[in-house]
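A.B. asks: Below you'll find the structure I mean.
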Amino acid sequence: MRFLDLTTSALKETGPSYEPKPDLDIPERLLSQLWQRRAAKQASFRSPDGLQVRVLYSGRPGHTAGPDLRDALLEVEGVGLVQGDVEIHVRQRDWKSHGHGDDPRYNGVVLHAALDVQSSSTQLQSGQNAPVISLAALMGDDESEGDGRIQGGSLWEILSAQSYSRPSSAAEMGDLLDRAGDQRFIGKSRGFQTFLAEQDPDQTLYEGLMEGLGYRQNQHAFLLLAQRAGYAVLRRAAARLPVWEQASAIEAWLVDLSGLRPEGGSGDSQSAGTGFGTAMEPQVWHCFRVRPANHPLRRIFGAAGLVSRFLEPGLVEGCVMPQSLASPPCSPPL
């Protein structure tokens, strides 16, 4: 699974680590930029109790209220691959002073990173725990950083940092963007291959589609929904119903579990039996100034239609079959 509860029981009791006290006179924004540039280059990080964490992908910046980095990919000792959010602080105690411990938007945090660390884990609003690592290793000199200043660069500066030469003509520009796009696609494919090694192909595709439906602001929320209402669970529950009732039932289950059902509405998620997770907090979703067509509920309806359309062959097989062979759910008998 992509989202895991990294409880303190996963932390190895190898004794505390002793590191020089870091200079805490540094802006949090700069720490976040250092994380994005250097975290994946580190061999590994360790929590105060010795838990080893390796960063495979540092995550994408969170531009709205919520964690600093989204969808980071980590390899956690004793747990395996974990994907989720990362929160960056100068001091670990800033988590509490900033109110994150009472905010459900931070329940997707799988790693808390800080310069000044007091303990091995941080408790989320959900009651789960995320391991804590020290960022002191990122504070050393890095010759590749030039004069050490971290600044936002142009597109070509960003591509240059990835070993692409600056184009000198429109033709070279087009070729560079094509190659960079191909590399991004390959990188995404490798991520899917990693998850395919750990979970069912239908669930992997289902999570990818749900994440895409969330666009930028609700990607994590849709990913959580895909885990609360797993594809196999939806499929088993729907199989107990007449074909013409499956689409509406799947829609009702997803809406109930999202926590977005309008007041006064009714659902029947309990009738699906066991297997579903608990309903999400409505605050997890970003609905402010969202176009009606992009509202999470509209996209949940679309997800339900897609899932119900390919229940019989399975999501992977159904999505690759010729369109002429795919058919929508049956209508009820007259």
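As shown in the structure tokens, the chain order sets the letters A, B, ...; within each chain, residues go from 1, and ligands are also counted from 1 in the order they appear.
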Taking the backbone alone, and naming residues the way the document does, which bits of region 11-85 of chain A are strand (DSSP E) by DSSP, as a PyMOL selection string?

C.D. replies: chain A and resi 45-46+52-57+60-61+69-76+80-85

A.B. asks: Which residues are near Leu31 (chain A)? Cut-off 10 Å, only C-alpha atoms, ignore same chain within fewer than 5 positions. Put them as a list in words.

C.D. replies: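 Returned residues: Ile26, Gln36, Arg37, Ile88, His89, Val90, Ala113, Ala114, Leu115, Leu135, Leu138, Met139 and Ile150 of chain A.
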
A.B. asks: Enumerate, as a count of residues only, the complete set of residues in region 89-248 of chain A that a backbone-based DSSP assignment places in alpha helix (DSSP H).

C.D. replies: 76

A.B. asks: List the spatial neighbours of region 187-189 of chain A as a count of residues only - criterion: any atom at most 12 Å away, only C-alpha atoms, same-chain residues fewer than 6 positions off excluded.

C.D. replies: 10

A.B. asks: Excluding His286 (chain A) and residues on its chain fewer than 2 positions from it, collect all residues at most 9 Å away from it, counting only C-alpha atoms, and give them as JSON, numbers by chain.

C.D. replies: {"A": [64, 217, 218, 221, 282, 283, 284, 288, 289, 290, 295, 296]}

A.B. asks: Since we have the selection now, will you write its residues out, keeping C-alpha atoms, as a PDB file, in the first residue's frame?

C.D. replies:
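Once written, part01.pdb looks like this:
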```
ATOM      1  CA  THR A  64      -1.975  24.854  -0.868  1.00  0.00           C
ATOM      2  CA  GLN A 217      -5.168  19.884  -5.279  1.00  0.00           C
ATOM      3  CA  ASN A 218      -7.020  16.656  -4.511  1.00  0.00           C
ATOM      4  CA  ALA A 221      -7.400  12.766  -1.138  1.00  0.00           C
ATOM      5  CA  PRO A 282     -14.403  16.293   4.697  1.00  0.00           C
ATOM      6  CA  GLN A 283     -11.592  18.751   5.511  1.00  0.00           C
ATOM      7  CA  VAL A 284      -9.140  16.572   3.598  1.00  0.00           C
ATOM      8  CA  PHE A 288     -12.718  26.146  -2.361  1.00  0.00           C
ATOM      9  CA  ARG A 289     -12.877  27.942  -5.719  1.00  0.00           C
ATOM     10  CA  VAL A 290     -13.055  24.664  -7.615  1.00  0.00           C
ATOM     11  CA  HIS A 295     -15.553  19.281  -7.890  1.00  0.00           C
ATOM     12  CA  PRO A 296     -14.462  16.078  -6.110  1.00  0.00           C
TER      13      PRO A 296
END
```
